[in-house]
>>> print(open('model_23.cif').read())   # mmCIF, C-alpha atoms and all ligand atoms
data_input
loop_
_atom_site.group_PDB
_atom_site.id
_atom_site.type_symbol
_atom_site.label_atom_id
_atom_site.label_comp_id
_atom_site.auth_asym_id
_atom_site.auth_seq_id
_atom_site.Cartn_x
_atom_site.Cartn_y
_atom_site.Cartn_z
ATOM 1 C CA MET J 1 22.231 -10.187 21.430
ATOM 2 C CA ALA J 2 18.976 -11.710 20.240
ATOM 3 C CA GLY J 3 15.514 -10.220 20.634
ATOM 4 C CA GLU J 4 15.631 -8.470 17.276
ATOM 5 C CA LEU J 5 12.547 -8.546 15.087
ATOM 6 C CA VAL J 6 12.948 -10.725 11.989
ATOM 7 C CA LEU J 7 10.393 -10.680 9.163
ATOM 8 C CA ILE J 8 10.097 -13.984 7.304
ATOM 9 C CA VAL J 9 8.735 -13.704 3.751
ATOM 10 C CA GLU J 10 8.081 -17.270 2.579
ATOM 11 C CA ASP J 11 5.085 -18.865 0.897
ATOM 12 C CA ASN J 12 5.842 -22.448 1.923
ATOM 13 C CA GLU J 13 4.443 -23.262 5.369
ATOM 14 C CA LYS J 14 6.966 -26.021 6.071
ATOM 15 C CA ASN J 15 9.917 -23.766 5.292
ATOM 16 C CA ARG J 16 8.385 -20.955 7.307
ATOM 17 C CA LYS J 17 7.893 -23.240 10.298
ATOM 18 C CA LEU J 18 11.498 -24.432 10.283
ATOM 19 C CA VAL J 19 12.855 -20.882 10.132
ATOM 20 C CA ARG J 20 10.365 -19.769 12.784
ATOM 21 C CA ASP J 21 11.341 -22.613 15.118
ATOM 22 C CA VAL J 22 15.090 -22.005 14.735
ATOM 23 C CA LEU J 23 14.865 -18.253 15.270
ATOM 24 C CA ALA J 24 12.326 -18.415 18.091
ATOM 25 C CA PHE J 25 14.569 -20.914 19.876
ATOM 26 C CA HIS J 26 17.410 -18.403 19.691
ATOM 27 C CA GLY J 27 15.291 -15.594 21.104
ATOM 28 C CA TYR J 28 14.366 -13.594 18.019
ATOM 29 C CA ARG J 29 10.957 -11.992 17.651
ATOM 30 C CA LEU J 30 9.183 -12.919 14.439
ATOM 31 C CA ALA J 31 6.741 -11.594 11.906
ATOM 32 C CA GLU J 32 5.658 -13.534 8.830
ATOM 33 C CA ALA J 33 4.325 -12.836 5.362
ATOM 34 C CA GLU J 34 3.376 -15.282 2.618
ATOM 35 C CA THR J 35 3.750 -12.911 -0.335
ATOM 36 C CA GLY J 36 6.215 -10.244 -1.404
ATOM 37 C CA GLU J 37 3.469 -7.626 -1.374
ATOM 38 C CA ASP J 38 2.556 -8.423 2.244
ATOM 39 C CA GLY J 39 6.234 -8.585 3.134
ATOM 40 C CA VAL J 40 6.894 -5.082 1.823
ATOM 41 C CA ARG J 41 3.780 -3.739 3.565
ATOM 42 C CA LEU J 42 4.699 -5.397 6.883
ATOM 43 C CA ALA J 43 8.286 -4.172 6.635
ATOM 44 C CA GLN J 44 7.053 -0.599 6.246
ATOM 45 C CA GLU J 45 4.701 -1.051 9.178
ATOM 46 C CA LEU J 46 6.961 -2.934 11.607
ATOM 47 C CA ARG J 47 10.476 -1.785 10.597
ATOM 48 C CA PRO J 48 12.033 -5.189 11.362
ATOM 49 C CA ASP J 49 15.747 -5.503 12.100
ATOM 50 C CA LEU J 50 16.133 -8.097 9.349
ATOM 51 C CA VAL J 51 14.099 -9.548 6.478
ATOM 52 C CA LEU J 52 14.459 -13.143 5.255
ATOM 53 C CA MET J 53 13.256 -13.177 1.665
ATOM 54 C CA ASP J 54 12.229 -16.175 -0.388
ATOM 55 C CA ILE J 55 12.780 -15.551 -4.109
ATOM 56 C CA GLN J 56 9.984 -17.591 -5.666
ATOM 57 C CA LEU J 57 6.744 -16.181 -4.309
ATOM 58 C CA PRO J 58 3.191 -15.792 -5.574
ATOM 59 C CA GLY J 59 2.764 -12.290 -6.997
ATOM 60 C CA ILE J 60 5.956 -10.235 -7.026
ATOM 61 C CA ASP J 61 9.151 -12.245 -6.555
ATOM 62 C CA GLY J 62 11.737 -11.698 -3.843
ATOM 63 C CA ILE J 63 14.023 -9.647 -6.081
ATOM 64 C CA THR J 64 11.186 -7.250 -6.930
ATOM 65 C CA ALA J 65 10.204 -7.071 -3.259
ATOM 66 C CA LEU J 66 13.811 -6.239 -2.346
ATOM 67 C CA GLY J 67 13.736 -3.409 -4.910
ATOM 68 C CA GLN J 68 10.599 -2.011 -3.289
ATOM 69 C CA LEU J 69 12.183 -2.163 0.166
ATOM 70 C CA ARG J 70 15.277 -0.362 -1.123
ATOM 71 C CA ALA J 71 13.143 2.277 -2.840
ATOM 72 C CA HIS J 72 11.539 3.515 0.380
ATOM 73 C CA PRO J 73 13.471 5.534 2.979
ATOM 74 C CA ALA J 74 11.715 3.707 5.843
ATOM 75 C CA THR J 75 12.921 0.277 4.711
ATOM 76 C CA ARG J 76 15.995 1.095 2.621
ATOM 77 C CA ASP J 77 18.543 0.191 5.287
ATOM 78 C CA ILE J 78 16.950 -3.005 6.582
ATOM 79 C CA PRO J 79 19.279 -5.908 5.816
ATOM 80 C CA VAL J 80 17.708 -8.610 3.642
ATOM 81 C CA ILE J 81 18.906 -12.214 3.344
ATOM 82 C CA ALA J 82 17.775 -14.172 0.289
ATOM 83 C CA VAL J 83 16.603 -17.665 1.251
ATOM 84 C CA THR J 84 16.098 -19.687 -1.874
ATOM 85 C CA ALA J 85 16.179 -23.133 -3.391
ATOM 86 C CA SER J 86 18.039 -21.773 -6.425
ATOM 87 C CA ALA J 87 21.368 -23.463 -5.898
ATOM 88 C CA MET J 88 22.739 -22.767 -9.365
ATOM 89 C CA THR J 89 25.819 -20.526 -9.369
ATOM 90 C CA GLN J 90 24.276 -18.234 -11.956
ATOM 91 C CA ASP J 91 21.136 -17.755 -9.886
ATOM 92 C CA ARG J 92 23.178 -17.039 -6.832
ATOM 93 C CA GLN J 93 25.181 -14.381 -8.703
ATOM 94 C CA LYS J 94 21.994 -12.797 -10.001
ATOM 95 C CA ILE J 95 20.550 -12.762 -6.479
ATOM 96 C CA MET J 96 23.647 -11.208 -4.923
ATOM 97 C CA ALA J 97 23.844 -8.661 -7.773
ATOM 98 C CA ALA J 98 20.287 -7.606 -6.889
ATOM 99 C CA GLY J 99 21.658 -6.248 -3.607
ATOM 100 C CA PHE J 100 20.814 -8.806 -0.961
ATOM 101 C CA ASP J 101 23.022 -8.684 2.119
ATOM 102 C CA ALA J 102 23.517 -12.448 2.181
ATOM 103 C CA TYR J 103 22.286 -15.681 0.687
ATOM 104 C CA GLN J 104 21.154 -18.929 2.263
ATOM 105 C CA SER J 105 20.069 -21.906 0.197
ATOM 106 C CA LYS J 106 17.127 -24.137 1.023
ATOM 107 C CA PRO J 107 16.836 -26.573 2.605
ATOM 108 C CA ILE J 108 18.566 -24.504 5.266
ATOM 109 C CA SER J 109 21.382 -25.842 7.374
ATOM 110 C CA VAL J 110 20.260 -24.842 10.840
ATOM 111 C CA GLN J 111 23.700 -23.884 12.181
ATOM 112 C CA ALA J 112 24.835 -21.970 9.070
ATOM 113 C CA PHE J 113 21.475 -20.252 8.873
ATOM 114 C CA LYS J 114 21.528 -19.110 12.489
ATOM 115 C CA ASP J 115 25.120 -17.865 12.073
ATOM 116 C CA ALA J 116 24.257 -15.955 8.871
ATOM 117 C CA VAL J 117 21.348 -14.202 10.587
ATOM 118 C CA ARG J 118 23.589 -13.194 13.480
ATOM 119 C CA ALA J 119 26.415 -12.039 11.185
ATOM 120 C CA VAL J 120 24.153 -9.848 9.069
ATOM 121 C CA LEU J 121 22.561 -8.284 12.151
ATOM 122 C CA ASP J 122 25.977 -7.610 13.655
ATOM 123 C CA ARG J 123 27.167 -5.709 10.598
ATOM 124 C CA ARG J 124 23.865 -3.942 10.029
ATOM 125 C CA ARG J 125 24.140 -0.832 7.956
ATOM 126 C CA GLY J 126 24.433 2.355 9.940
ATOM 127 C CA ASP J 127 25.682 0.654 13.073
ATOM 128 C CA PRO J 128 28.834 2.218 14.495
ATOM 129 C CA ALA J 129 31.881 0.085 13.704
HETATM 130 MN MN MN W 1 8.622 -19.900 -2.422
#
>>> encode(input="model_23.cif", output="C-alpha cells")
Amino acid sequence: MAGELVLIVEDNEKNRKLVRDVLAFHGYRLAEAETGEDGVRLAQELRPDLVLMDIQLPGIDGITALGQLRAHPATRDIPVIAVTASAMTQDRQKIMAAGFDAYQSKPISVQAFKDAVRAVLDRRRGDPA
C-alpha cells in the first residue's frame, strides 16, 4: 500500500525530479534534502518510512549520513536504500557493507526502482512477519 513518506537525499536536481515523479505517480508522499546533513535533520524531524540516499553529496557523504541515522534511536530503524552512480562491484560491496538495506544504481531503471522501494518497505524492520 502506497502513501508512505519517502525522504529523497540527492544533490542533483535532475535525479531528484525523476525519483520524485516516479514515486509521486505511485502514491508516495515525499520529502527532499540536497545534503546529507539536511537529510539526517529531516529524517529526525519527519521520521520517514524510507530514505533514498545518494552517496556522493556535498558535505558529508551518504555512508556517513547513514551512520548518523543508525546512531540515533529515532532514525535507527528507518530503511535506507543507497542510490548511486558507483556501478563498480567493489563500490557496491563497500556500500552494502555499510549497512544499507538495498542498492539501486543511477541512472535508475524506473520499474526496478519502484519494485525495490516497495520490497524494502514491505520487509521493513520491526514489522510483524
Ligand atoms: Mn550526488
>>> atom_distance(input="model_23.cif", atom1="atom CA of Gln56 of chain J", atom2="atom CA of Lys114 of chain J")
21.6 Å
>>> resolve_selection(input="model_23.cif", expression="the PyMOL selection byres (((chain J and resi 76) around 12) and not hetatm)", output="list of chain:residue names")
J:Val40, J:Ala43, J:Gln44, J:Arg47, J:Pro48, J:Asp49, J:Leu50, J:Val51, J:Ala65, J:Leu66, J:Gly67, J:Gln68, J:Leu69, J:Arg70, J:Ala71, J:His72, J:Pro73, J:Ala74, J:Thr75, J:Asp77, J:Ile78, J:Pro79, J:Val80, J:Gly99, J:Phe100, J:Arg124, J:Arg125, J:Gly126
>>> closest_residue(input="model_23.cif", among="J:His26, J:Lys14, J:Arg123, J:Arg41", to="ligand MN 1 (chain W)", atoms="all atoms listed in the file")
J:Lys14
>>> atom_distance(input="model_23.cif", atom1="atom CA of Lys17 of chain J", atom2="atom CA of Glu4 of chain J")
18.1 Å
>>> residues_near_ligand(input="model_23.cif", ligand="ligand MN 1 (chain W)", cutoff="9 Å", atoms="all atoms listed in the file", output="PyMOL selection string")
chain J and resi 9-12+15+34-35+54-58+61-62+84-85
>>> write_last_selection(input="model_23.cif", atoms="C-alpha atoms", output="mmCIF file, keeping the file's coordinate frame")
data_model
loop_
_atom_site.group_PDB
_atom_site.id
_atom_site.type_symbol
_atom_site.label_atom_id
_atom_site.label_comp_id
_atom_site.auth_asym_id
_atom_site.auth_seq_id
_atom_site.Cartn_x
_atom_site.Cartn_y
_atom_site.Cartn_z
ATOM 1 C CA VAL J 9 8.735 -13.704 3.751
ATOM 2 C CA GLU J 10 8.081 -17.270 2.579
ATOM 3 C CA ASP J 11 5.085 -18.865 0.897
ATOM 4 C CA ASN J 12 5.842 -22.448 1.923
ATOM 5 C CA ASN J 15 9.917 -23.766 5.292
ATOM 6 C CA GLU J 34 3.376 -15.282 2.618
ATOM 7 C CA THR J 35 3.750 -12.911 -0.335
ATOM 8 C CA ASP J 54 12.229 -16.175 -0.388
ATOM 9 C CA ILE J 55 12.780 -15.551 -4.109
ATOM 10 C CA GLN J 56 9.984 -17.591 -5.666
ATOM 11 C CA LEU J 57 6.744 -16.181 -4.309
ATOM 12 C CA PRO J 58 3.191 -15.792 -5.574
ATOM 13 C CA ASP J 61 9.151 -12.245 -6.555
ATOM 14 C CA GLY J 62 11.737 -11.698 -3.843
ATOM 15 C CA THR J 84 16.098 -19.687 -1.874
ATOM 16 C CA ALA J 85 16.179 -23.133 -3.391
#
>>> atom_distance(input="model_23.cif", atom1="atom CA of Thr64 of chain J", atom2="atom CA of Leu7 of chain J")
16.5 Å
>>> closest_residue(input="model_23.cif", among="J:Gly27, J:Gly3, J:Pro107, J:Gly36", to="Ile63 of chain J", atoms="all atoms listed in the file")
J:Gly36
>>> residues_near_point(input="model_23.cif", point="(16.1, -13.4, 20.2)", cutoff="10 Å", atoms="all atoms listed in the file", output="list of chain:residue names")
J:Met1, J:Ala2, J:Gly3, J:Glu4, J:Leu5, J:Val6, J:Leu23, J:Ala24, J:Phe25, J:His26, J:Gly27, J:Tyr28, J:Arg29, J:Leu30
>>> residues_around(input="model_23.cif", residues="Ala116 of chain J", least_positions_apart="2", cutoff="12 Å", atoms="all atoms listed in the file", output="list in words")
Leu23, Leu50, Leu52, Pro79, Val80, Ile81, Ala82, Val83, Asp101, Ala102, Tyr103, Gln104, Ser105, Ile108, Ser109, Val110, Gln111, Ala112, Phe113, Lys114, Arg118, Ala119, Val120, Leu121, Asp122 and Arg123 of chain J
>>> closest_residue(input="model_23.cif", among="J:Met53, J:Gly59, J:Gln90, J:Ala97", to="Val19 of chain J", atoms="only C-alpha atoms")
J:Met53
>>> closest_residue(input="model_23.cif", among="J:Val117, J:Ile60, J:Leu46, J:Met96", to="Glu32 of chain J", atoms="only C-alpha atoms")
J:Leu46
>>> axis_aligned_box(input="model_23.cif", around="segment 26-31 of chain J", padding_each_side="6 Å", output="AutoDock Vina command-line options")
--center_x 12.1 --center_y -15.0 --center_z 16.5 --size_x 22.7 --size_y 18.8 --size_z 21.2
>>> decode(input="model_23.cif", residues="segment 57-88 of chain J", atoms="N, CA, C and O atoms", output="PDB file, in the first residue's frame")
ATOM      1  N   LEU J  57      27.657  13.391  -2.099  1.00  0.00           N
ATOM      2  CA  LEU J  57      26.887  14.574  -1.722  1.00  0.00           C
ATOM      3  C   LEU J  57      27.850  15.665  -1.277  1.00  0.00           C
ATOM      4  O   LEU J  57      28.959  15.363  -0.816  1.00  0.00           O
ATOM      5  N   PRO J  58      27.443  16.918  -1.382  1.00  0.00           N
ATOM      6  CA  PRO J  58      28.273  17.978  -0.791  1.00  0.00           C
ATOM      7  C   PRO J  58      28.250  17.814   0.726  1.00  0.00           C
ATOM      8  O   PRO J  58      27.247  17.370   1.278  1.00  0.00           O
ATOM      9  N   GLY J  59      29.337  18.132   1.398  1.00  0.00           N
ATOM     10  CA  GLY J  59      29.371  17.909   2.850  1.00  0.00           C
ATOM     11  C   GLY J  59      29.566  16.436   3.140  1.00  0.00           C
ATOM     12  O   GLY J  59      30.300  15.751   2.425  1.00  0.00           O
ATOM     13  N   ILE J  60      28.887  15.923   4.161  1.00  0.00           N
ATOM     14  CA  ILE J  60      29.054  14.502   4.495  1.00  0.00           C
ATOM     15  C   ILE J  60      28.495  13.646   3.365  1.00  0.00           C
ATOM     16  O   ILE J  60      27.533  14.023   2.687  1.00  0.00           O
ATOM     17  N   ASP J  61      29.119  12.481   3.141  1.00  0.00           N
ATOM     18  CA  ASP J  61      28.630  11.596   2.077  1.00  0.00           C
ATOM     19  C   ASP J  61      27.506  10.703   2.605  1.00  0.00           C
ATOM     20  O   ASP J  61      27.177  10.713   3.802  1.00  0.00           O
ATOM     21  N   GLY J  62      26.922   9.933   1.694  1.00  0.00           N
ATOM     22  CA  GLY J  62      25.761   9.125   2.058  1.00  0.00           C
ATOM     23  C   GLY J  62      26.076   8.039   3.069  1.00  0.00           C
ATOM     24  O   GLY J  62      25.216   7.673   3.873  1.00  0.00           O
ATOM     25  N   ILE J  63      27.302   7.530   3.040  1.00  0.00           N
ATOM     26  CA  ILE J  63      27.683   6.489   4.008  1.00  0.00           C
ATOM     27  C   ILE J  63      27.779   7.091   5.411  1.00  0.00           C
ATOM     28  O   ILE J  63      27.304   6.499   6.385  1.00  0.00           O
ATOM     29  N   THR J  64      28.351   8.281   5.506  1.00  0.00           N
ATOM     30  CA  THR J  64      28.428   8.972   6.799  1.00  0.00           C
ATOM     31  C   THR J  64      27.028   9.321   7.303  1.00  0.00           C
ATOM     32  O   THR J  64      26.719   9.151   8.488  1.00  0.00           O
ATOM     33  N   ALA J  65      26.176   9.788   6.386  1.00  0.00           N
ATOM     34  CA  ALA J  65      24.807  10.137   6.766  1.00  0.00           C
ATOM     35  C   ALA J  65      24.058   8.898   7.270  1.00  0.00           C
ATOM     36  O   ALA J  65      23.327   8.964   8.266  1.00  0.00           O
ATOM     37  N   LEU J  66      24.278   7.761   6.603  1.00  0.00           N
ATOM     38  CA  LEU J  66      23.651   6.516   7.066  1.00  0.00           C
ATOM     39  C   LEU J  66      24.101   6.208   8.494  1.00  0.00           C
ATOM     40  O   LEU J  66      23.283   5.838   9.350  1.00  0.00           O
ATOM     41  N   GLY J  67      25.405   6.355   8.758  1.00  0.00           N
ATOM     42  CA  GLY J  67      25.933   6.111  10.103  1.00  0.00           C
ATOM     43  C   GLY J  67      25.251   6.991  11.142  1.00  0.00           C
ATOM     44  O   GLY J  67      24.944   6.533  12.249  1.00  0.00           O
ATOM     45  N   GLN J  68      24.995   8.243  10.777  1.00  0.00           N
ATOM     46  CA  GLN J  68      24.332   9.151  11.722  1.00  0.00           C
ATOM     47  C   GLN J  68      22.886   8.746  11.955  1.00  0.00           C
ATOM     48  O   GLN J  68      22.374   8.837  13.073  1.00  0.00           O
ATOM     49  N   LEU J  69      22.224   8.278  10.899  1.00  0.00           N
ATOM     50  CA  LEU J  69      20.838   7.798  11.068  1.00  0.00           C
ATOM     51  C   LEU J  69      20.809   6.580  11.982  1.00  0.00           C
ATOM     52  O   LEU J  69      19.956   6.467  12.865  1.00  0.00           O
ATOM     53  N   ARG J  70      21.772   5.677  11.790  1.00  0.00           N
ATOM     54  CA  ARG J  70      21.802   4.445  12.587  1.00  0.00           C
ATOM     55  C   ARG J  70      22.213   4.707  14.034  1.00  0.00           C
ATOM     56  O   ARG J  70      21.947   3.898  14.920  1.00  0.00           O
ATOM     57  N   ALA J  71      22.859   5.837  14.270  1.00  0.00           N
ATOM     58  CA  ALA J  71      23.355   6.152  15.610  1.00  0.00           C
ATOM     59  C   ALA J  71      22.271   6.740  16.511  1.00  0.00           C
ATOM     60  O   ALA J  71      22.462   6.829  17.718  1.00  0.00           O
ATOM     61  N   HIS J  72      21.164   7.164  15.930  1.00  0.00           N
ATOM     62  CA  HIS J  72      20.108   7.783  16.740  1.00  0.00           C
ATOM     63  C   HIS J  72      18.899   6.870  16.847  1.00  0.00           C
ATOM     64  O   HIS J  72      18.400   6.379  15.836  1.00  0.00           O
ATOM     65  N   PRO J  73      18.395   6.664  18.058  1.00  0.00           N
ATOM     66  CA  PRO J  73      17.241   5.781  18.266  1.00  0.00           C
ATOM     67  C   PRO J  73      16.045   6.163  17.392  1.00  0.00           C
ATOM     68  O   PRO J  73      15.340   5.279  16.905  1.00  0.00           O
ATOM     69  N   ALA J  74      15.834   7.457  17.159  1.00  0.00           N
ATOM     70  CA  ALA J  74      14.650   7.901  16.417  1.00  0.00           C
ATOM     71  C   ALA J  74      14.705   7.483  14.945  1.00  0.00           C
ATOM     72  O   ALA J  74      13.676   7.334  14.299  1.00  0.00           O
ATOM     73  N   THR J  75      15.911   7.319  14.415  1.00  0.00           N
ATOM     74  CA  THR J  75      16.050   7.042  12.981  1.00  0.00           C
ATOM     75  C   THR J  75      16.725   5.705  12.696  1.00  0.00           C
ATOM     76  O   THR J  75      16.895   5.339  11.539  1.00  0.00           O
ATOM     77  N   ARG J  76      17.109   4.999  13.740  1.00  0.00           N
ATOM     78  CA  ARG J  76      17.906   3.778  13.603  1.00  0.00           C
ATOM     79  C   ARG J  76      17.240   2.727  12.723  1.00  0.00           C
ATOM     80  O   ARG J  76      17.908   2.017  11.974  1.00  0.00           O
ATOM     81  N   ASP J  77      15.915   2.610  12.831  1.00  0.00           N
ATOM     82  CA  ASP J  77      15.224   1.511  12.159  1.00  0.00           C
ATOM     83  C   ASP J  77      14.616   1.908  10.816  1.00  0.00           C
ATOM     84  O   ASP J  77      13.941   1.095  10.187  1.00  0.00           O
ATOM     85  N   ILE J  78      14.848   3.124  10.389  1.00  0.00           N
ATOM     86  CA  ILE J  78      14.318   3.539   9.078  1.00  0.00           C
ATOM     87  C   ILE J  78      15.131   2.859   7.979  1.00  0.00           C
ATOM     88  O   ILE J  78      16.358   2.974   7.964  1.00  0.00           O
ATOM     89  N   PRO J  79      14.488   2.140   7.078  1.00  0.00           N
ATOM     90  CA  PRO J  79      15.251   1.526   5.993  1.00  0.00           C
ATOM     91  C   PRO J  79      15.839   2.583   5.063  1.00  0.00           C
ATOM     92  O   PRO J  79      15.224   3.630   4.831  1.00  0.00           O
ATOM     93  N   VAL J  80      17.038   2.318   4.570  1.00  0.00           N
ATOM     94  CA  VAL J  80      17.745   3.275   3.710  1.00  0.00           C
ATOM     95  C   VAL J  80      18.253   2.545   2.467  1.00  0.00           C
ATOM     96  O   VAL J  80      18.966   1.542   2.567  1.00  0.00           O
ATOM     97  N   ILE J  81      17.850   3.034   1.299  1.00  0.00           N
ATOM     98  CA  ILE J  81      18.332   2.492   0.028  1.00  0.00           C
ATOM     99  C   ILE J  81      19.401   3.430  -0.523  1.00  0.00           C
ATOM    100  O   ILE J  81      19.159   4.630  -0.660  1.00  0.00           O
ATOM    101  N   ALA J  82      20.572   2.879  -0.834  1.00  0.00           N
ATOM    102  CA  ALA J  82      21.610   3.667  -1.495  1.00  0.00           C
ATOM    103  C   ALA J  82      21.243   3.813  -2.966  1.00  0.00           C
ATOM    104  O   ALA J  82      20.873   2.837  -3.621  1.00  0.00           O
ATOM    105  N   VAL J  83      21.315   5.038  -3.474  1.00  0.00           N
ATOM    106  CA  VAL J  83      21.044   5.293  -4.891  1.00  0.00           C
ATOM    107  C   VAL J  83      22.272   6.014  -5.430  1.00  0.00           C
ATOM    108  O   VAL J  83      22.513   7.173  -5.112  1.00  0.00           O
ATOM    109  N   THR J  84      23.070   5.295  -6.206  1.00  0.00           N
ATOM    110  CA  THR J  84      24.369   5.850  -6.548  1.00  0.00           C
ATOM    111  C   THR J  84      24.837   5.469  -7.934  1.00  0.00           C
ATOM    112  O   THR J  84      24.494   4.412  -8.448  1.00  0.00           O
ATOM    113  N   ALA J  85      25.635   6.339  -8.511  1.00  0.00           N
ATOM    114  CA  ALA J  85      26.205   6.087  -9.827  1.00  0.00           C
ATOM    115  C   ALA J  85      27.386   5.125  -9.760  1.00  0.00           C
ATOM    116  O   ALA J  85      27.858   4.661 -10.781  1.00  0.00           O
ATOM    117  N   SER J  86      27.857   4.818  -8.564  1.00  0.00           N
ATOM    118  CA  SER J  86      29.004   3.908  -8.438  1.00  0.00           C
ATOM    119  C   SER J  86      28.600   2.504  -8.840  1.00  0.00           C
ATOM    120  O   SER J  86      27.999   1.780  -8.065  1.00  0.00           O
ATOM    121  N   ALA J  87      28.925   2.136 -10.056  1.00  0.00           N
ATOM    122  CA  ALA J  87      28.488   0.836 -10.561  1.00  0.00           C
ATOM    123  C   ALA J  87      29.556  -0.235 -10.363  1.00  0.00           C
ATOM    124  O   ALA J  87      29.308  -1.405 -10.616  1.00  0.00           O
ATOM    125  N   MET J  88      30.726   0.161  -9.914  1.00  0.00           N
ATOM    126  CA  MET J  88      31.805  -0.805  -9.729  1.00  0.00           C
ATOM    127  C   MET J  88      31.447  -1.799  -8.620  1.00  0.00           C
ATOM    128  O   MET J  88      30.906  -1.417  -7.594  1.00  0.00           O
TER     129      MET J  88
END
